[in-house]
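J.: Just one file: input-v6.cif, with mmCIF, C-alpha atoms; chains and numbers go by the auth columns.
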data_structure
#
loop_
_atom_site.group_PDB
_atom_site.id
_atom_site.type_symbol
_atom_site.label_atom_id
_atom_site.label_comp_id
_atom_site.label_asym_id
_atom_site.label_seq_id
_atom_site.Cartn_x
_atom_site.Cartn_y
_atom_site.Cartn_z
_atom_site.B_iso_or_equiv
_atom_site.auth_seq_id
_atom_site.auth_asym_id
ATOM 1 C CA MET A 1 -49.035 45.188 73.113 0.00 8 T
ATOM 2 C CA ASN A 2 -48.921 45.011 69.303 0.00 9 T
ATOM 3 C CA LYS A 3 -45.573 44.156 67.767 0.00 10 T
ATOM 4 C CA SER A 4 -43.553 46.742 65.851 0.00 11 T
ATOM 5 C CA VAL A 5 -42.183 45.395 62.574 0.00 12 T
ATOM 6 C CA ALA A 6 -39.938 47.059 59.982 0.00 13 T
ATOM 7 C CA VAL A 7 -40.207 45.726 56.421 0.00 14 T
ATOM 8 C CA LEU A 8 -37.206 46.851 54.372 0.00 15 T
ATOM 9 C CA GLY A 9 -37.716 46.443 50.641 0.00 16 T
ATOM 10 C CA LEU A 10 -41.100 46.481 48.938 0.00 17 T
ATOM 11 C CA GLY A 11 -40.960 43.861 46.247 0.00 18 T
ATOM 12 C CA ARG A 12 -43.849 41.417 45.832 0.00 19 T
ATOM 13 C CA PHE A 13 -42.962 39.575 49.035 0.00 20 T
ATOM 14 C CA GLY A 14 -42.361 42.736 51.102 0.00 21 T
ATOM 15 C CA LYS A 15 -45.667 44.274 50.015 0.00 22 T
ATOM 16 C CA SER A 16 -47.636 41.125 50.862 0.00 23 T
ATOM 17 C CA LEU A 17 -45.901 40.831 54.222 0.00 24 T
ATOM 18 C CA ALA A 18 -46.466 44.479 55.192 0.00 25 T
ATOM 19 C CA ARG A 19 -50.117 44.384 54.115 0.00 26 T
ATOM 20 C CA THR A 20 -50.910 41.277 56.171 0.00 27 T
ATOM 21 C CA LEU A 21 -48.957 42.462 59.226 0.00 28 T
ATOM 22 C CA TYR A 22 -50.795 45.789 59.219 0.00 29 T
ATOM 23 C CA ALA A 23 -54.206 44.178 58.711 0.00 30 T
ATOM 24 C CA SER A 24 -53.454 41.910 61.670 0.00 31 T
ATOM 25 C CA GLY A 25 -52.834 44.855 63.982 0.00 32 T
ATOM 26 C CA ALA A 26 -49.052 45.214 63.935 0.00 33 T
ATOM 27 C CA ASN A 27 -47.314 48.594 63.951 0.00 34 T
ATOM 28 C CA VAL A 28 -45.607 48.441 60.533 0.00 35 T
ATOM 29 C CA MET A 29 -42.838 50.660 59.231 0.00 36 T
ATOM 30 C CA VAL A 30 -41.918 50.171 55.565 0.00 37 T
ATOM 31 C CA ALA A 31 -38.847 51.458 53.774 0.00 38 T
ATOM 32 C CA ASP A 32 -37.858 51.456 50.110 0.00 39 T
ATOM 33 C CA ARG A 33 -35.823 53.657 47.811 0.00 40 T
ATOM 34 C CA ASP A 34 -38.879 54.364 45.620 0.00 41 T
ATOM 35 C CA PRO A 35 -41.102 57.075 47.203 0.00 42 T
ATOM 36 C CA GLU A 36 -43.827 56.579 44.579 0.00 43 T
ATOM 37 C CA LEU A 37 -44.062 52.892 45.471 0.00 44 T
ATOM 38 C CA ILE A 38 -44.434 53.741 49.162 0.00 45 T
ATOM 39 C CA GLU A 39 -47.132 56.292 48.345 0.00 46 T
ATOM 40 C CA SER A 40 -49.019 53.804 46.176 0.00 47 T
ATOM 41 C CA LEU A 41 -49.253 51.437 49.147 0.00 48 T
ATOM 42 C CA ALA A 42 -50.736 54.018 51.537 0.00 49 T
ATOM 43 C CA GLY A 43 -53.183 52.418 53.934 0.00 50 T
ATOM 44 C CA THR A 44 -51.234 49.166 54.245 0.00 51 T
ATOM 45 C CA TYR A 45 -48.643 50.323 56.791 0.00 52 T
ATOM 46 C CA SER A 46 -48.306 52.609 59.826 0.00 53 T
ATOM 47 C CA TYR A 47 -45.628 54.841 58.315 0.00 54 T
ATOM 48 C CA GLY A 48 -43.250 54.728 55.374 0.00 55 T
ATOM 49 C CA ILE A 49 -39.752 56.051 54.752 0.00 56 T
ATOM 50 C CA SER A 50 -38.012 56.540 51.426 0.00 57 T
ATOM 51 C CA ALA A 51 -34.375 55.536 51.937 0.00 58 T
ATOM 52 C CA ASP A 52 -31.391 54.107 50.088 0.00 59 T
ATOM 53 C CA LEU A 53 -31.168 50.724 51.808 0.00 60 T
ATOM 54 C CA SER A 54 -27.650 50.168 50.463 0.00 61 T
ATOM 55 C CA SER A 55 -26.419 53.126 52.552 0.00 62 T
ATOM 56 C CA GLU A 56 -25.374 52.432 56.144 0.00 63 T
ATOM 57 C CA GLU A 57 -26.090 56.024 57.114 0.00 64 T
ATOM 58 C CA ALA A 58 -29.613 55.833 55.689 0.00 65 T
ATOM 59 C CA VAL A 59 -30.347 52.518 57.404 0.00 66 T
ATOM 60 C CA ARG A 60 -29.058 53.859 60.740 0.00 67 T
ATOM 61 C CA GLY A 61 -31.531 56.713 60.391 0.00 68 T
ATOM 62 C CA LEU A 62 -34.569 54.401 60.183 0.00 69 T
ATOM 63 C CA GLY A 63 -34.867 53.878 63.930 0.00 70 T
ATOM 64 C CA LEU A 64 -34.586 50.085 63.753 0.00 71 T
ATOM 65 C CA GLU A 65 -33.607 49.936 67.415 0.00 72 T
ATOM 66 C CA GLU A 66 -37.262 50.718 68.258 0.00 73 T
ATOM 67 C CA MET A 67 -38.551 47.639 66.400 0.00 74 T
ATOM 68 C CA ASP A 68 -39.421 44.210 67.782 0.00 75 T
ATOM 69 C CA ILE A 69 -38.782 42.592 64.401 0.00 76 T
ATOM 70 C CA VAL A 70 -36.834 43.739 61.331 0.00 77 T
ATOM 71 C CA VAL A 71 -37.452 41.977 58.015 0.00 78 T
ATOM 72 C CA VAL A 72 -34.675 42.461 55.433 0.00 79 T
ATOM 73 C CA ALA A 73 -36.587 41.805 52.217 0.00 80 T
ATOM 74 C CA MET A 74 -34.251 43.103 49.477 0.00 81 T
ATOM 75 C CA ALA A 75 -32.623 39.765 48.606 0.00 82 T
ATOM 76 C CA SER A 76 -31.560 40.978 45.143 0.00 83 T
ATOM 77 C CA ASP A 77 -28.813 43.052 46.810 0.00 84 T
ATOM 78 C CA LEU A 78 -26.629 40.714 48.883 0.00 85 T
ATOM 79 C CA ALA A 79 -24.272 43.453 50.087 0.00 86 T
ATOM 80 C CA ALA A 80 -27.162 45.612 51.316 0.00 87 T
ATOM 81 C CA SER A 81 -28.831 42.629 52.982 0.00 88 T
ATOM 82 C CA VAL A 82 -25.644 41.636 54.818 0.00 89 T
ATOM 83 C CA MET A 83 -24.994 45.213 55.947 0.00 90 T
ATOM 84 C CA THR A 84 -28.561 45.687 57.165 0.00 91 T
ATOM 85 C CA VAL A 85 -28.684 42.395 59.070 0.00 92 T
ATOM 86 C CA MET A 86 -25.399 43.192 60.826 0.00 93 T
ATOM 87 C CA LEU A 87 -26.492 46.735 61.631 0.00 94 T
ATOM 88 C CA ALA A 88 -29.893 45.656 62.981 0.00 95 T
ATOM 89 C CA LYS A 89 -28.245 43.182 65.362 0.00 96 T
ATOM 90 C CA GLU A 90 -25.693 45.832 66.376 0.00 97 T
ATOM 91 C CA LEU A 91 -28.594 48.151 67.251 0.00 98 T
ATOM 92 C CA GLY A 92 -30.086 45.494 69.505 0.00 99 T
ATOM 93 C CA VAL A 93 -33.025 44.257 67.408 0.00 100 T
ATOM 94 C CA LYS A 94 -34.201 41.011 69.007 0.00 101 T
ATOM 95 C CA THR A 95 -35.452 39.288 65.859 0.00 102 T
ATOM 96 C CA VAL A 96 -33.947 39.900 62.413 0.00 103 T
ATOM 97 C CA VAL A 97 -35.563 38.021 59.523 0.00 104 T
ATOM 98 C CA ALA A 98 -33.805 37.968 56.154 0.00 105 T
ATOM 99 C CA LYS A 99 -35.048 36.970 52.715 0.00 106 T
ATOM 100 C CA ALA A 100 -32.659 34.732 50.770 0.00 107 T
ATOM 101 C CA TYR A 101 -32.906 33.458 47.203 0.00 108 T
ATOM 102 C CA ASP A 102 -30.879 30.290 47.758 0.00 109 T
ATOM 103 C CA GLU A 103 -29.140 28.215 50.402 0.00 110 T
ATOM 104 C CA ARG A 104 -25.747 29.847 49.835 0.00 111 T
ATOM 105 C CA MET A 105 -27.154 33.320 50.452 0.00 112 T
ATOM 106 C CA GLY A 106 -29.007 31.978 53.466 0.00 113 T
ATOM 107 C CA LYS A 107 -25.802 30.646 55.010 0.00 114 T
ATOM 108 C CA ILE A 108 -24.130 34.035 54.578 0.00 115 T
ATOM 109 C CA LEU A 109 -27.036 35.906 56.171 0.00 116 T
ATOM 110 C CA THR A 110 -27.176 33.466 59.080 0.00 117 T
ATOM 111 C CA ARG A 111 -23.443 33.851 59.650 0.00 118 T
ATOM 112 C CA VAL A 112 -23.731 37.632 59.956 0.00 119 T
ATOM 113 C CA GLY A 113 -26.592 37.469 62.439 0.00 120 T
ATOM 114 C CA ALA A 114 -29.976 36.690 60.839 0.00 121 T
ATOM 115 C CA ASP A 115 -32.220 34.921 63.356 0.00 122 T
ATOM 116 C CA ARG A 116 -34.464 33.463 60.701 0.00 123 T
ATOM 117 C CA LEU A 117 -34.390 32.981 56.937 0.00 124 T
ATOM 118 C CA ILE A 118 -37.223 33.213 54.428 0.00 125 T
ATOM 119 C CA PHE A 119 -37.031 31.664 50.976 0.00 126 T
ATOM 120 C CA PRO A 120 -39.735 33.455 48.931 0.00 127 T
ATOM 121 C CA GLU A 121 -40.342 30.522 46.636 0.00 128 T
ATOM 122 C CA ASP A 122 -41.389 28.482 49.697 0.00 129 T
ATOM 123 C CA GLU A 123 -43.297 30.997 51.812 0.00 130 T
ATOM 124 C CA THR A 124 -45.757 33.760 50.948 0.00 131 T
ATOM 125 C CA GLY A 125 -45.707 37.127 52.662 0.00 132 T
ATOM 126 C CA ALA A 126 -49.117 36.482 54.216 0.00 133 T
ATOM 127 C CA ARG A 127 -48.047 33.169 55.695 0.00 134 T
ATOM 128 C CA VAL A 128 -44.849 34.605 57.163 0.00 135 T
ATOM 129 C CA ALA A 129 -46.755 37.553 58.639 0.00 136 T
ATOM 130 C CA ARG A 130 -49.063 35.258 60.603 0.00 137 T
ATOM 131 C CA LYS A 131 -46.109 33.348 62.020 0.00 138 T
ATOM 132 C CA LEU A 132 -44.194 36.487 62.963 0.00 139 T
ATOM 133 C CA LEU A 133 -47.076 37.945 64.929 0.00 140 T
ATOM 134 C CA SER A 134 -47.370 35.050 67.350 0.00 141 T
ATOM 135 C CA ASP A 135 -44.703 33.355 69.421 0.00 142 T
ATOM 136 C CA ASN A 136 -46.966 30.278 69.486 0.00 143 T
ATOM 137 C CA PHE A 137 -47.527 29.800 65.732 0.00 144 T
ATOM 138 C CA LEU A 138 -45.248 27.196 64.148 0.00 145 T
ATOM 139 C CA GLU A 139 -46.898 26.858 60.738 0.00 146 T
ATOM 140 C CA PHE A 140 -49.739 28.636 58.964 0.00 147 T
ATOM 141 C CA PHE A 141 -51.639 27.370 55.919 0.00 148 T
ATOM 142 C CA GLU A 142 -54.608 28.901 54.133 0.00 149 T
ATOM 143 C CA ILE A 143 -57.358 26.380 53.360 0.00 150 T
ATOM 144 C CA ASP A 144 -59.668 28.837 51.621 0.00 151 T
ATOM 145 C CA LYS A 145 -60.713 32.486 51.937 0.00 152 T
ATOM 146 C CA ASN A 146 -62.342 31.829 55.284 0.00 153 T
ATOM 147 C CA LEU A 147 -60.456 28.969 56.953 0.00 154 T
ATOM 148 C CA CYS A 148 -56.836 28.339 57.902 0.00 155 T
ATOM 149 C CA LEU A 149 -54.835 25.508 59.421 0.00 156 T
ATOM 150 C CA LEU A 150 -52.384 26.267 62.239 0.00 157 T
ATOM 151 C CA GLU A 151 -49.673 24.235 63.879 0.00 158 T
ATOM 152 C CA MET A 152 -49.032 25.943 67.193 0.00 159 T
ATOM 153 C CA LYS A 153 -47.688 25.640 70.707 0.00 160 T
ATOM 154 C CA PRO A 154 -50.334 25.966 73.421 0.00 161 T
ATOM 155 C CA LYS A 155 -50.692 29.410 74.933 0.00 162 T
ATOM 156 C CA PRO A 156 -49.187 29.511 78.463 0.00 163 T
ATOM 157 C CA GLU A 157 -52.602 29.938 80.071 0.00 164 T
ATOM 158 C CA TRP A 158 -53.842 26.748 78.376 0.00 165 T
ATOM 159 C CA VAL A 159 -51.230 24.471 79.954 0.00 166 T
ATOM 160 C CA GLY A 160 -52.660 22.092 82.538 0.00 167 T
ATOM 161 C CA LYS A 161 -56.258 22.630 81.433 0.00 168 T
ATOM 162 C CA THR A 162 -58.453 20.346 79.359 0.00 169 T
ATOM 163 C CA LEU A 163 -60.110 21.186 76.043 0.00 170 T
ATOM 164 C CA ILE A 164 -63.443 21.003 77.856 0.00 171 T
ATOM 165 C CA GLU A 165 -62.296 23.667 80.343 0.00 172 T
ATOM 166 C CA LEU A 166 -60.745 25.862 77.653 0.00 173 T
ATOM 167 C CA ASN A 167 -63.789 25.859 75.327 0.00 174 T
ATOM 168 C CA LEU A 168 -61.577 26.858 72.388 0.00 175 T
ATOM 169 C CA ARG A 169 -64.388 26.308 69.902 0.00 176 T
ATOM 170 C CA GLY A 170 -66.584 28.828 71.703 0.00 177 T
ATOM 171 C CA LYS A 171 -63.857 31.399 72.348 0.00 178 T
ATOM 172 C CA TYR A 172 -61.949 31.272 69.050 0.00 179 T
ATOM 173 C CA GLN A 173 -64.184 29.258 66.652 0.00 180 T
ATOM 174 C CA MET A 174 -61.266 26.831 66.639 0.00 181 T
ATOM 175 C CA ASN A 175 -61.273 23.039 66.309 0.00 182 T
ATOM 176 C CA VAL A 176 -58.328 20.959 67.542 0.00 183 T
ATOM 177 C CA VAL A 177 -57.863 18.186 64.973 0.00 184 T
ATOM 178 C CA ALA A 178 -54.640 16.607 66.309 0.00 185 T
ATOM 179 C CA ILE A 179 -52.006 16.933 69.032 0.00 186 T
ATOM 180 C CA ARG A 180 -48.329 15.985 68.729 0.00 187 T
ATOM 181 C CA ASP A 181 -46.890 14.862 72.060 0.00 188 T
ATOM 182 C CA ALA A 182 -43.361 15.284 73.452 0.00 189 T
ATOM 183 C CA SER A 183 -42.269 12.015 71.801 0.00 190 T
ATOM 184 C CA ASN A 184 -43.263 13.505 68.392 0.00 191 T
ATOM 185 C CA LYS A 185 -46.232 11.157 68.020 0.00 192 T
ATOM 186 C CA MET A 186 -49.333 12.676 66.396 0.00 193 T
ATOM 187 C CA HIS A 187 -52.690 11.831 67.985 0.00 194 T
ATOM 188 C CA THR A 188 -55.772 12.479 65.867 0.00 195 T
ATOM 189 C CA LEU A 189 -58.164 11.080 68.487 0.00 196 T
ATOM 190 C CA VAL A 190 -57.857 13.923 70.980 0.00 197 T
ATOM 191 C CA ASP A 191 -59.139 13.265 74.501 0.00 198 T
ATOM 192 C CA PRO A 192 -60.969 16.477 75.526 0.00 199 T
ATOM 193 C CA SER A 193 -60.642 15.558 79.215 0.00 200 T
ATOM 194 C CA ARG A 194 -56.837 15.252 79.134 0.00 201 T
ATOM 195 C CA PRO A 195 -54.837 18.284 80.391 0.00 202 T
ATOM 196 C CA ILE A 196 -52.767 20.137 77.780 0.00 203 T
ATOM 197 C CA ASP A 197 -49.016 19.606 78.118 0.00 204 T
ATOM 198 C CA GLU A 198 -46.670 22.558 77.570 0.00 205 T
ATOM 199 C CA ASP A 199 -44.382 20.485 75.310 0.00 206 T
ATOM 200 C CA CYS A 200 -47.122 19.431 72.884 0.00 207 T
ATOM 201 C CA GLU A 201 -47.936 20.911 69.477 0.00 208 T
ATOM 202 C CA MET A 202 -51.540 21.445 68.403 0.00 209 T
ATOM 203 C CA LEU A 203 -52.945 21.196 64.879 0.00 210 T
ATOM 204 C CA VAL A 204 -56.052 23.377 64.679 0.00 211 T
ATOM 205 C CA ILE A 205 -58.520 24.691 62.096 0.00 212 T
ATOM 206 C CA LEU A 206 -60.158 28.078 62.602 0.00 213 T
ATOM 207 C CA GLU A 207 -61.770 30.945 60.782 0.00 214 T
ATOM 208 C CA LYS A 208 -59.339 33.689 59.766 0.00 215 T
ATOM 209 C CA LYS A 209 -61.393 36.314 61.576 0.00 216 T
ATOM 210 C CA GLY A 210 -60.420 34.604 64.825 0.00 217 T
ATOM 211 C CA LEU A 211 -56.660 34.898 64.220 0.00 218 T
ATOM 212 C CA SER A 212 -56.174 38.313 65.804 0.00 219 T
ATOM 213 C CA LYS A 213 -58.117 37.244 68.900 0.00 220 T
ATOM 214 C CA LEU A 214 -56.039 34.071 69.147 0.00 221 T
#
Output the file's structure in the form of structure tokens.
T.:
Amino acid sequence: MNKSVAVLGLGRFGKSLARTLYASGANVMVADRDPELIESLAGTYSYGISADLSSEEAVRGLGLEEMDIVVVAMASDLAASVMTVMLAKELGVKTVVAKAYDERMGKILTRVGADRLIFPEDETGARVARKLLSDNFLEFFEIDKNLCLLEMKPKPEWVGKTLIELNLRGKYQMNVVAIRDASNKMHTLVDPSRPIDEDCEMLVILEKKGLSKL
């Protein structure tokens, strides 16, 4: 089942995040106080709501309790960010992600319930979107328009099988370039006949068109 994600605040980061989430198959709800901005982004989200995100009543009316993930992306307003993070957790949202401009703001947002922080100067919306959509993705890097590099945990159904058995290159157009074992040692000479361990981390290169299938 596709994940449902709410992106609250449509600055540069929020727009990039929503666009990539939607293109990757997520059910995306966006909210911003500017209805013209929401309208201008039509086609990059599932549905949009114009709302004053500094108002508790307005935020309660967004239906955040129906979302798998809520991204609080209006870091310019600390009070609104704190209120929204607290409210989302109160409503039972499993994963609340908050954008922070600096470490001090990040500490405040973590203290009031944020499960994960995003510092926009370090992470692009597209990169964060890829990581949010998969429980297995640890890191995502774009190599060029066609290729990307992933650091990921093995999918549950891969554990105990060899790379030969899995045929990842044939199924996902994916090449395993290194594996980090449980002792945190990186092996670049990967034995294709060795069973995959559930505690390992895999460094892989694949075409972007194979991401949604993966």
J.: What is the atom CA of Leu154 of chain T-atom CA of Ile212 of chain T distance in Å, reported with one decimal?
T.: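 Separating atom CA of Leu154 of chain T from atom CA of Ile212 of chain T is a distance of 7.0 Å.
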J.: Near Leu124 of chain T, within 10 Å and counting only C-alpha atoms, which residues show up once chain neighbours fewer than 5 positions away are dropped, as a list in words?
T.: Val78, Val79, Val103, Val104, Ala105, Lys106, Ala107, Tyr108, Glu110, Met112, Gly113, Lys114, Leu116 and Thr117 of chain T
J.: Report as a PyMOL selection string all protein, DNA and RNA residues lying within 12 Å of Met193 of chain T, evaluated on only C-alpha atoms, omitting residues in the same chain fewer than 2 positions from it.
T.: chain T and resi 158+184-191+195-197+207-210
J.: Let's have the selection written as a compact mmCIF listing (two decimals), keeping the file's coordinate frame, with C-alpha atoms.
T.:
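Below is the file that was written, out18.txt:
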# COMPACT_ATOMS: atom_id res chain seq x y z
CA GLU T 158 -49.67 24.24 63.88
CA VAL T 184 -57.86 18.19 64.97
CA ALA T 185 -54.64 16.61 66.31
CA ILE T 186 -52.01 16.93 69.03
CA ARG T 187 -48.33 15.98 68.73
CA ASP T 188 -46.89 14.86 72.06
CA ALA T 189 -43.36 15.28 73.45
CA SER T 190 -42.27 12.02 71.80
CA ASN T 191 -43.26 13.50 68.39
CA THR T 195 -55.77 12.48 65.87
CA LEU T 196 -58.16 11.08 68.49
CA VAL T 197 -57.86 13.92 70.98
CA CYS T 207 -47.12 19.43 72.88
CA GLU T 208 -47.94 20.91 69.48
CA MET T 209 -51.54 21.44 68.40
CA LEU T 210 -52.94 21.20 64.88
J.: As a PDB file with C-alpha atoms, in the coordinates of the input, please: the residues near Leu71 of chain T (cut-off 12 Å, only C-alpha atoms, same-chain neighbours under 4 positions excluded).
T.:
ATOM      1  CA  SER T  11     -43.553  46.742  65.851  1.00  0.00           C
ATOM      2  CA  VAL T  12     -42.183  45.395  62.574  1.00  0.00           C
ATOM      3  CA  ALA T  13     -39.938  47.059  59.982  1.00  0.00           C
ATOM      4  CA  VAL T  14     -40.207  45.726  56.421  1.00  0.00           C
ATOM      5  CA  LEU T  15     -37.206  46.851  54.372  1.00  0.00           C
ATOM      6  CA  VAL T  35     -45.607  48.441  60.533  1.00  0.00           C
ATOM      7  CA  MET T  36     -42.838  50.660  59.231  1.00  0.00           C
ATOM      8  CA  VAL T  37     -41.918  50.171  55.565  1.00  0.00           C
ATOM      9  CA  ALA T  38     -38.847  51.458  53.774  1.00  0.00           C
ATOM     10  CA  ILE T  56     -39.752  56.051  54.752  1.00  0.00           C
ATOM     11  CA  ALA T  65     -29.613  55.833  55.689  1.00  0.00           C
ATOM     12  CA  VAL T  66     -30.347  52.518  57.404  1.00  0.00           C
ATOM     13  CA  ARG T  67     -29.058  53.859  60.740  1.00  0.00           C
ATOM     14  CA  ASP T  75     -39.421  44.210  67.782  1.00  0.00           C
ATOM     15  CA  ILE T  76     -38.782  42.592  64.401  1.00  0.00           C
ATOM     16  CA  VAL T  77     -36.834  43.739  61.331  1.00  0.00           C
ATOM     17  CA  VAL T  78     -37.452  41.977  58.015  1.00  0.00           C
ATOM     18  CA  VAL T  79     -34.675  42.461  55.433  1.00  0.00           C
ATOM     19  CA  THR T  91     -28.561  45.687  57.165  1.00  0.00           C
ATOM     20  CA  VAL T  92     -28.684  42.395  59.070  1.00  0.00           C
ATOM     21  CA  MET T  93     -25.399  43.192  60.826  1.00  0.00           C
ATOM     22  CA  LEU T  94     -26.492  46.735  61.631  1.00  0.00           C
ATOM     23  CA  ALA T  95     -29.893  45.656  62.981  1.00  0.00           C
ATOM     24  CA  LYS T  96     -28.245  43.182  65.362  1.00  0.00           C
ATOM     25  CA  GLU T  97     -25.693  45.832  66.376  1.00  0.00           C
ATOM     26  CA  LEU T  98     -28.594  48.151  67.251  1.00  0.00           C
ATOM     27  CA  GLY T  99     -30.086  45.494  69.505  1.00  0.00           C
ATOM     28  CA  VAL T 100     -33.025  44.257  67.408  1.00  0.00           C
ATOM     29  CA  LYS T 101     -34.201  41.011  69.007  1.00  0.00           C
ATOM     30  CA  THR T 102     -35.452  39.288  65.859  1.00  0.00           C
ATOM     31  CA  VAL T 103     -33.947  39.900  62.413  1.00  0.00           C
TER      32      VAL T 103
END
J.: Take atom CA of Val119 of chain T and atom CA of Asn34 of chain T and report the distance between them in Å, one decimal.
T.: 26.3 Å
J.: Please compute the atom CA of Ala58 of chain T-atom CA of Arg40 of chain T distance, one decimal, in Å.
T.: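 Spanning atom CA of Ala58 of chain T to atom CA of Arg40 of chain T is a straight-line distance of 4.8 Å.
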J.: If we count all atoms listed in the file, what is near Leu44 of chain T at a cut-off of 10 Å, once residues fewer than 3 positions away on the same chain are taken out, given as a list in words?
T.: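 Final neighbour list, sorted by chain and number: Leu17, Gly18, Lys22, Ala38, Asp39, Arg40, Asp41, Ser47, Leu48, Ala49 and Ser57 of chain T.
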J.: Give me the residues near segment 170-178 of chain T as a VMD selection string, where near means some atom within 6 Å (using all atoms listed in the file) and where sequence neighbours in that chain fewer than 3 positions away do not count.
T.: chain T and resid 181 to 182 199
J.: Would you please work out which residue, of T:Thr51, T:Ser200, T:Ala86, T:Glu164, is nearest to Ser23 of chain T when using all atoms listed in the file?
T.: T:Thr51
J.: Go through T:Met159, T:Ala80, T:Ile125, T:Ile45 and flag the residue nearest Gly21 of chain T, using only C-alpha atoms for the distances.
T.: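 The shortest atom-to-atom distance to Gly21 of chain T comes from T:Ala80.
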J.: With only C-alpha atoms as the atoms that count, which of T:Gln180, T:Thr169, T:Ser53, T:Ser61 lies nearest to Gly16 of chain T?
T.: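 Counting only C-alpha atoms, the residue closest to Gly16 of chain T is T:Ser61.
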